[in-house]
Amino acid sequence: MLIADDDTVVRDVVRRYLERDGLEVAIAHDGNEALRLLGSQRIDVAVLDVMMPGPDGLTLCRSLRQRGDYAIPVILLTALGEEDDRIAGLEAGADDYLTKPFSPRELALRVRSVLRRAPTPTGPLALDITVGDLSVSTAARSVTVAGQAVSLTNREFDLLTFFLTHPDAVFSREELLKQVWRWDFGDLSTVTVHVKRLRSKLGDAHRLQTVWGRGYLWSSDEQRAHAD
């Protein structure tokens, strides 16, 4: 994994803790060094400081997400605690975030969580799902709309496939955090932002409904889905 942060104390403490947890850790002190490591080493998860010099964490995250073949999970570290700042990180394509100061143990748990949700070889349970113009391959973790590839983050892909395999069922944001994120608690705006991004990326191919006061569902009825 990669830790990119201009704070020496944060880098050293987190590295020692995660190495004791059995992870191999690469260190970057700014965005430029992070870019070099991302381009020269295999990185399975990146932890990026939002405020570091050079390309900051948000900029790096957006850059990674614009490369459709680069699905690396990203966790953002930020000293900013306002909801708008957290949402900005999620909208940049981050899979998760932590607000400083944070517990190294909590970071380790978040890292394990995003790694569990990262692409893994799929055996006989691989699915090819087609709904109207939308086609999804769980084995290749690929999505197309009307034959055009759509780039999703790992979490967006997991959320989409969860909805596709549970059509016409309403799930609250709390339930989605547990089922898709594997979190027993967390910021519910995380779910809201990911649903918004899915709708934007899928365009008219999405069938995600908001059921006011209850949550979200994927409608099997295209006309019903776009009536809202």
# chains A, B, ... in the order shown; residues from 1 in each chain; ligands from 1
$ closest_atom_pairs --of "range 29-141 of chain A" --to "range 161-183 of chain A" --cutoff "12 Å" --atoms "only C-alpha atoms" --output "Markdown table"
| residue | atom | partner | partner_atom | distance |
| --- | --- | --- | --- | --- |
| A:Asp95 | CA | A:Trp181 | CA | 9.4 |
| A:Asp96 | CA | A:Trp181 | CA | 9.5 |
| A:Glu106 | CA | A:Trp183 | CA | 11.9 |
| A:Leu109 | CA | A:Trp183 | CA | 10.1 |
| A:Arg110 | CA | A:Trp183 | CA | 9.3 |
| A:Val111 | CA | A:Trp181 | CA | 11.9 |
| A:Arg112 | CA | A:Arg182 | CA | 10.6 |
| A:Ser113 | CA | A:Arg182 | CA | 7.2 |
| A:Val114 | CA | A:Trp181 | CA | 8.1 |
| A:Leu115 | CA | A:Trp181 | CA | 11.1 |
| A:Arg116 | CA | A:Arg182 | CA | 9.4 |
| A:Arg117 | CA | A:Trp181 | CA | 8.0 |
| A:Ala118 | CA | A:Trp181 | CA | 11.4 |
| A:Ala126 | CA | A:Thr161 | CA | 11.3 |
| A:Leu127 | CA | A:Thr161 | CA | 9.5 |
| A:Asp128 | CA | A:Thr161 | CA | 10.3 |
| A:Ile129 | CA | A:Leu164 | CA | 7.9 |
| A:Thr130 | CA | A:Leu164 | CA | 9.4 |
| A:Val131 | CA | A:Leu164 | CA | 8.6 |
| A:Leu134 | CA | A:Leu164 | CA | 10.5 |
| A:Ser135 | CA | A:Leu164 | CA | 10.6 |
| A:Val136 | CA | A:Thr161 | CA | 7.9 |
| A:Ser137 | CA | A:Thr161 | CA | 9.3 |
| A:Thr138 | CA | A:Thr161 | CA | 7.8 |
| A:Ala139 | CA | A:Thr161 | CA | 11.5 |
| A:Arg141 | CA | A:Thr161 | CA | 9.6 |
$ residues_around --residues "Leu98 in chain A" --least-positions-apart "6" --cutoff "7 Å" --atoms "only C-alpha atoms" --output "PDB file with all heavy atoms, in the first residue's frame"
ATOM      1  N   LEU A  76      -8.755   8.835   1.643  1.00  0.00           N
ATOM      2  CA  LEU A  76      -8.242  10.191   1.828  1.00  0.00           C
ATOM      3  C   LEU A  76      -8.090  10.507   3.314  1.00  0.00           C
ATOM      4  O   LEU A  76      -8.934  10.136   4.129  1.00  0.00           O
ATOM      5  CB  LEU A  76      -9.195  11.213   1.184  1.00  0.00           C
ATOM      6  CG  LEU A  76      -9.303  11.186  -0.338  1.00  0.00           C
ATOM      7  CD1 LEU A  76     -10.301  12.237  -0.803  1.00  0.00           C
ATOM      8  CD2 LEU A  76      -7.950  11.412  -1.004  1.00  0.00           C
ATOM      9  N   LEU A  77      -6.987  11.184   3.638  1.00  0.00           N
ATOM     10  CA  LEU A  77      -6.755  11.700   4.982  1.00  0.00           C
ATOM     11  C   LEU A  77      -6.940  13.211   4.939  1.00  0.00           C
ATOM     12  O   LEU A  77      -6.355  13.883   4.086  1.00  0.00           O
ATOM     13  CB  LEU A  77      -5.339  11.381   5.462  1.00  0.00           C
ATOM     14  CG  LEU A  77      -4.936   9.908   5.520  1.00  0.00           C
ATOM     15  CD1 LEU A  77      -3.491   9.780   5.991  1.00  0.00           C
ATOM     16  CD2 LEU A  77      -5.863   9.122   6.427  1.00  0.00           C
ATOM     17  N   THR A  78      -7.746  13.738   5.843  1.00  0.00           N
ATOM     18  CA  THR A  78      -8.011  15.168   5.800  1.00  0.00           C
ATOM     19  C   THR A  78      -8.151  15.737   7.199  1.00  0.00           C
ATOM     20  O   THR A  78      -8.663  15.068   8.105  1.00  0.00           O
ATOM     21  CB  THR A  78      -9.292  15.471   5.004  1.00  0.00           C
ATOM     22  OG1 THR A  78      -9.600  16.864   5.098  1.00  0.00           O
ATOM     23  CG2 THR A  78     -10.482  14.670   5.516  1.00  0.00           C
TER      24      THR A  78
END
$ residues_around --residues "range 184-199 of chain A" --least-positions-apart "3" --cutoff "10 Å" --atoms "only C-alpha atoms" --output "NGL selection string"
:A and (83-84 or 86-97 or 152-153 or 155-157 or 159-160 or 172-181 or 202-210 or 215-216)
$ select_by_dssp --residues "range 9-192 of chain A" --states "strand (DSSP E)" --output "ChimeraX atom specification"
/A:26-28,46-49,74-78,96-99,128-131,134-137,142-145,148-149
$ closest_residue --among "A:Leu2, A:Cys61, A:Asp12, A:Ile27" --to "Arg42 in chain A" --atoms "only C-alpha atoms"
A:Leu2
